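Student: This is the structure I have questions about; it appears just below.
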Amino acid sequence: MMTKMRLNVWLVNVVLWVCVFAKQVRGADNICTFCSCTTVTGKSVVEKFVNVDCSMKNIEILPSGALWPSKTLSMDLSFNSINVISVFENSNYLKYLDLSSNNISLIEYQAFNEFPVLQKLCLKNNSLKDLHQDTFKMLNNLQTLDLSFNKLKRLPEYIFKELGKLNYLTLAGNPFRNIPNDLLRPLKYLEYLDLSLTGNYFLTPGLFHELTWLKVVNLTKNEFQEVPTGALRSAEVLEKVYLDENPITELNLKSFAGLQKVRIISLSNMPMLEFVDELTFSKLRHLEFLNLHSNPQLEVIHALAFKGILDPKSNQTRLNKVNLRNNSLNTLYEDALPWCNLETLDLRDNPWNCDCKLKWIKKCNMKEELKDLLLCHTPENLRSSVITTVPEDQFICLSEKSHWRQIHGRIIRSIIIGIICVISLILLFGLLMYFNRDKIMEWWLAKRRGSGAVYYIKAKSFPEDT
């Protein structure tokens with residue numbers, strides 16, 4: 001009964017929409033009097049195609065294919081009120097279809113079967129919870145698929161089986177939490193994968209083993225407590241890794257093991273990151289850009305964190321951009337990396353300790369815009385001073401002699417405090433004796449009178465005993 005009622009309502013809506021649309025068209029044979037249409041020339045001057053923009057038209061029902069221009073190249077139906085995607089009519093020219101930002105909750109599994117040359121399909125910002133296994137079955141030429149920010153908790157295991165040419169896939173903003181091992185396997189030519197904001201905390205080692213062209217993986221805003229190295233290194237040509245806003249606490253040699261071809265690593269806005277250990281980036285000789293900013297707990301980058309990153313023959317590194325802005329760093333070891341040779345080095349907004357270990361910064365020819373907020377935090381006499389303007393003789397470290405004097409002073413102070421504590425205990429004991437002197441005196445006098453011990457003598461019974 002409910003199904004019939006829904007069908008009737010749907011038919012009524014179709015009729016009403018067609019009537020309204022027909023009124024808008026006013027006798028025209030296509031959609032262009034209601035939407036914006038732009039003609040583009042194909043490879044041949046004679047060949048004309050049309051790009052149709054029906055975005056923000058308050059459309060609730062998909063416009064009939066009979067109203068489309070005969071050679072529609074792209075159709076933009078974004079920011080409308082469409083709820084259901086039914087089967088489209090045949091279009092042998094459509095390459096781009098945008099259905100983003102509607103309220104789509106259902107897609108009929110054969111809806112896209114009549115788009116043999118479709119290359120880009122955008123379904124982001126909708127209300128999809130489930131998709132049929134054959135939803136994309138006939139889209140053999142699809143290259144870009146955007147399913148981001150829906151309500152998908154899972155996808156059928158073989159839903160991507162026919163998408164052999166797909167090179168861009170985003171599943172961001174869906175509550176997956178786990179990616180099945182075989183889900184991505186058919187995507188042999190995938191180059192870009194976005195799994196950000198999916199609640200993931202673990203990726204199966206070898207997950208990307210079949211993705212021989214995968215170059216970019218975005219894992220931003222997830223729940224990883226350590227870098228999912230086992231999965232990432234299975235992508236043999238991986239170049240860019242984005243791990244921003246994850247609760248990772250430490251980076252070490254294991255974090256990027258096997259990622260020799262990575263060029264860009266982004267590790268920003270990580271609330272738990274405290275320490276970058278030795279040899280963390282030692283194997284990344286193709287690394288060009290390290291983005292390590294806005295990590296409020298990050299206090300230490302080990303002096304040997306980059307050891308081995310230099311090419312042994314040229315003694316040079318490909319790394320030319322490092323962003324360390326807005327961390328909690330107080331020092332940076334000069335020998336850790338040839339900092340002054342970098343194209344861009346951003347050290348602003350850190351609580352720097354301006355002693356002799358940081359004097360090397362004055363030698364660097366930094367861009368002017370990177371100097372303004374490069375300030376000393378300690379010592380007190382240099383607080384809030386721009387580091388590059390501080391005279392070299394002000395970058396002072398305590399001498400070894402002064403250092404030992406400080407240690408000896410601490411030992412002497414400890415001894416004095418110990419003596420004071422002993423004297424205090426003696427005085428306290430003396431006061432206790434004084435206030436209890438009467439009781440102590442009574443006890444002592446009783447002891448002097450011999451009270452306490454009793455002796456027994458056997459009585460004589462007969463004279464012979466004498």
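Convention: chains lettered A, B, ... in structure tokens order; per-chain residue numbering from 1; ligands numbered from 1 as shown.
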Name the residues in contact with range 99-116 of chain A at a cut-off of 6 Å, using only C-alpha atoms, excluding same-chain residues fewer than 3 positions from it; report them as a list in words.

Tutor: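 My reading of the contact set: Leu77, Ser78, Phe79, Asn80, Ser81, Ile82, Asn83, Val84, Ile85, Ser86, Val87, Phe88, Asn90, Ser91, Cys122, Leu123, Lys124, Asn125, Asn126, Ser127, Leu128, His132, Asp134, Thr135 and Met138 of chain A.
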
Student: Using backbone DSSP assignments, extract all alpha helix (DSSP H) residues from range 252-420 of chain A; output them as JSON, numbers by chain.

Tutor: {"A": [400, 401, 402, 403, 404, 405, 406, 407, 408, 409, 410, 411, 412, 413, 414, 415, 416, 417, 418, 419, 420]}

Student: List every residue of range 167-404 of chain A that DSSP, applied to the backbone of this structure, assigns to strand (DSSP E), and report them as a ChimeraX atom specification.

Tutor: /A:168-170,192-194,216-218,240-242,250-251,264-266,275-276,289-291,300-301,321-323,344-346,352-353,376-378

Student: Store the residues picked out above, limited to C-alpha atoms, as an mmCIF file, in the first residue's frame.

Tutor:
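Saved to result-v1.cif:
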data_model
loop_
_atom_site.group_PDB
_atom_site.id
_atom_site.type_symbol
_atom_site.label_atom_id
_atom_site.label_comp_id
_atom_site.auth_asym_id
_atom_site.auth_seq_id
_atom_site.Cartn_x
_atom_site.Cartn_y
_atom_site.Cartn_z
ATOM 1 C CA TYR A 168 40.849 9.626 -8.902
ATOM 2 C CA LEU A 169 38.692 8.343 -6.027
ATOM 3 C CA THR A 170 37.567 10.179 -2.922
ATOM 4 C CA TYR A 192 44.779 9.646 -6.110
ATOM 5 C CA LEU A 193 42.960 8.184 -3.090
ATOM 6 C CA ASP A 194 41.270 10.303 -0.419
ATOM 7 C CA VAL A 216 48.757 10.310 -3.520
ATOM 8 C CA VAL A 217 47.101 9.079 -0.310
ATOM 9 C CA ASN A 218 45.185 11.452 1.940
ATOM 10 C CA LYS A 240 52.550 12.272 -1.467
ATOM 11 C CA VAL A 241 51.281 11.336 2.000
ATOM 12 C CA TYR A 242 48.936 13.500 4.070
ATOM 13 C CA GLU A 250 55.960 9.910 17.962
ATOM 14 C CA LEU A 251 57.737 9.619 14.625
ATOM 15 C CA ILE A 264 55.794 15.325 0.070
ATOM 16 C CA ILE A 265 54.864 14.482 3.667
ATOM 17 C CA SER A 266 52.371 16.547 5.646
ATOM 18 C CA PHE A 275 58.921 13.808 19.514
ATOM 19 C CA VAL A 276 60.699 13.206 16.198
ATOM 20 C CA PHE A 289 58.663 19.191 1.092
ATOM 21 C CA LEU A 290 58.192 18.442 4.797
ATOM 22 C CA ASN A 291 55.143 20.076 6.361
ATOM 23 C CA VAL A 300 62.098 17.957 20.159
ATOM 24 C CA ILE A 301 63.440 17.083 16.727
ATOM 25 C CA LYS A 321 60.981 23.265 1.749
ATOM 26 C CA VAL A 322 60.513 22.684 5.488
ATOM 27 C CA ASN A 323 57.651 24.164 7.484
ATOM 28 C CA THR A 344 62.030 27.858 2.202
ATOM 29 C CA LEU A 345 62.484 27.402 5.950
ATOM 30 C CA ASP A 346 59.632 28.533 8.204
ATOM 31 C CA TRP A 352 63.094 29.569 20.783
ATOM 32 C CA ASN A 353 65.918 29.581 23.322
ATOM 33 C CA CYS A 376 63.316 34.607 21.086
ATOM 34 C CA HIS A 377 61.434 33.268 24.067
ATOM 35 C CA THR A 378 64.415 32.814 26.361
#

Student: Give one line per residue of range 263-376 of chain A that approaches range 221-229 of chain A to at most 12 Å, naming the two atoms of the closest pair and their distance in Å to one decimal, counting only C-alpha atoms; sort by chain then ascending residue number and deliver it as a Markdown table.

Tutor:
| residue | atom | partner | partner_atom | distance |
| --- | --- | --- | --- | --- |
| A:Ile265 | CA | A:Val227 | CA | 11.5 |
| A:Ser266 | CA | A:Val227 | CA | 11.8 |
| A:Leu267 | CA | A:Val227 | CA | 10.3 |
| A:Ser268 | CA | A:Lys221 | CA | 10.5 |
| A:Asn269 | CA | A:Lys221 | CA | 9.5 |
| A:Met270 | CA | A:Lys221 | CA | 9.2 |
| A:Pro271 | CA | A:Gln225 | CA | 11.1 |
| A:Met272 | CA | A:Gln225 | CA | 9.0 |
| A:Leu273 | CA | A:Gln225 | CA | 9.6 |
| A:Thr280 | CA | A:Val227 | CA | 11.7 |

Student: Okay, now the selection with N, CA, C and O atoms, as a PDB file, in the first residue's frame?

Tutor:
ATOM      1  N   ILE A 265      55.470  15.036   2.457  1.00  0.00           N
ATOM      2  CA  ILE A 265      54.864  14.482   3.667  1.00  0.00           C
ATOM      3  C   ILE A 265      54.292  15.637   4.476  1.00  0.00           C
ATOM      4  O   ILE A 265      54.986  16.616   4.759  1.00  0.00           O
ATOM      5  N   SER A 266      53.022  15.509   4.847  1.00  0.00           N
ATOM      6  CA  SER A 266      52.371  16.547   5.646  1.00  0.00           C
ATOM      7  C   SER A 266      51.911  15.952   6.974  1.00  0.00           C
ATOM      8  O   SER A 266      51.165  14.976   7.006  1.00  0.00           O
ATOM      9  N   LEU A 267      52.376  16.568   8.076  1.00  0.00           N
ATOM     10  CA  LEU A 267      52.100  16.077   9.429  1.00  0.00           C
ATOM     11  C   LEU A 267      51.741  17.261  10.326  1.00  0.00           C
ATOM     12  O   LEU A 267      52.345  17.465  11.374  1.00  0.00           O
ATOM     13  N   SER A 268      50.766  18.025   9.935  1.00  0.00           N
ATOM     14  CA  SER A 268      50.418  19.243  10.659  1.00  0.00           C
ATOM     15  C   SER A 268      49.184  19.057  11.543  1.00  0.00           C
ATOM     16  O   SER A 268      48.427  18.099  11.380  1.00  0.00           O
ATOM     17  N   ASN A 269      49.026  19.973  12.505  1.00  0.00           N
ATOM     18  CA  ASN A 269      47.857  19.988  13.398  1.00  0.00           C
ATOM     19  C   ASN A 269      47.625  18.643  14.089  1.00  0.00           C
ATOM     20  O   ASN A 269      46.502  18.157  14.175  1.00  0.00           O
ATOM     21  N   MET A 270      48.702  18.069  14.586  1.00  0.00           N
ATOM     22  CA  MET A 270      48.628  16.775  15.282  1.00  0.00           C
ATOM     23  C   MET A 270      48.703  17.037  16.791  1.00  0.00           C
ATOM     24  O   MET A 270      49.768  17.385  17.304  1.00  0.00           O
ATOM     25  N   PRO A 271      47.605  16.867  17.513  1.00  0.00           N
ATOM     26  CA  PRO A 271      47.541  17.308  18.913  1.00  0.00           C
ATOM     27  C   PRO A 271      48.411  16.513  19.878  1.00  0.00           C
ATOM     28  O   PRO A 271      48.728  16.996  20.960  1.00  0.00           O
ATOM     29  N   MET A 272      48.828  15.283  19.487  1.00  0.00           N
ATOM     30  CA  MET A 272      49.552  14.419  20.407  1.00  0.00           C
ATOM     31  C   MET A 272      51.041  14.268  20.071  1.00  0.00           C
ATOM     32  O   MET A 272      51.791  13.690  20.844  1.00  0.00           O
ATOM     33  N   LEU A 273      51.477  14.764  18.944  1.00  0.00           N
ATOM     34  CA  LEU A 273      52.855  14.561  18.502  1.00  0.00           C
ATOM     35  C   LEU A 273      53.831  15.319  19.412  1.00  0.00           C
ATOM     36  O   LEU A 273      53.748  16.537  19.540  1.00  0.00           O
ATOM     37  N   THR A 280      64.417   9.346  11.639  1.00  0.00           N
ATOM     38  CA  THR A 280      63.031   9.315  11.176  1.00  0.00           C
ATOM     39  C   THR A 280      62.933   9.523   9.669  1.00  0.00           C
ATOM     40  O   THR A 280      62.205   8.804   8.977  1.00  0.00           O
TER      41      THR A 280
END

Student: Do you know which residues are at most 9 Å from Ala66 in chain A counting only C-alpha atoms, after dropping those on the same chain fewer than 2 positions away, and could you put them as a count of residues only?

Tutor: 9

Student: Enter the distance from CA of Asp277 in chain A to CA of Asp372 in chain A, in Å, rounded to one decimal.

Tutor: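 It comes out at 29.2 Å.
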
Student: What is the distance between CA of Asp349 in chain A and CA of Thr220 in chain A, in Å to one decimal?

Tutor: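 Those two atoms sit 23.1 Å apart.
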
Student: Neighbouring residues of Cys54 in chain A were defined as those with any atom within 8 Å, considering only C-alpha atoms; residues of the same chain fewer than 6 positions away were excluded. Please report them as a PyMOL selection string.

Tutor: chain A and resi 34-36+75-78

Student: For a quick check of understanding, using only C-alpha atoms, which of A:Leu319, A:Leu203, A:Ala231, A:Cys356 has the smallest distance to Glu343 in chain A?

Tutor: A:Leu319

Student: So, with only C-alpha atoms as the atoms that count, which of A:Arg285, A:Arg325, A:Arg413, A:Arg233 lies closest to Pro351 in chain A?

Tutor: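 Closest to Pro351 in chain A of all the choices is A:Arg325.
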
Student: Could you please determine the separation between CA of Arg318 in chain A and CA of Pro205 in chain A in Å, to one decimal place?

Tutor: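 Going from CA of Arg318 in chain A over to CA of Pro205 in chain A, I get 28.4 Å.
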
Student: For a quick check of understanding, using only C-alpha atoms, which of A:Leu232, A:Ile426, A:Leu211, A:Ile179 has the smallest distance to Leu155 in chain A?

Tutor: A:Ile179
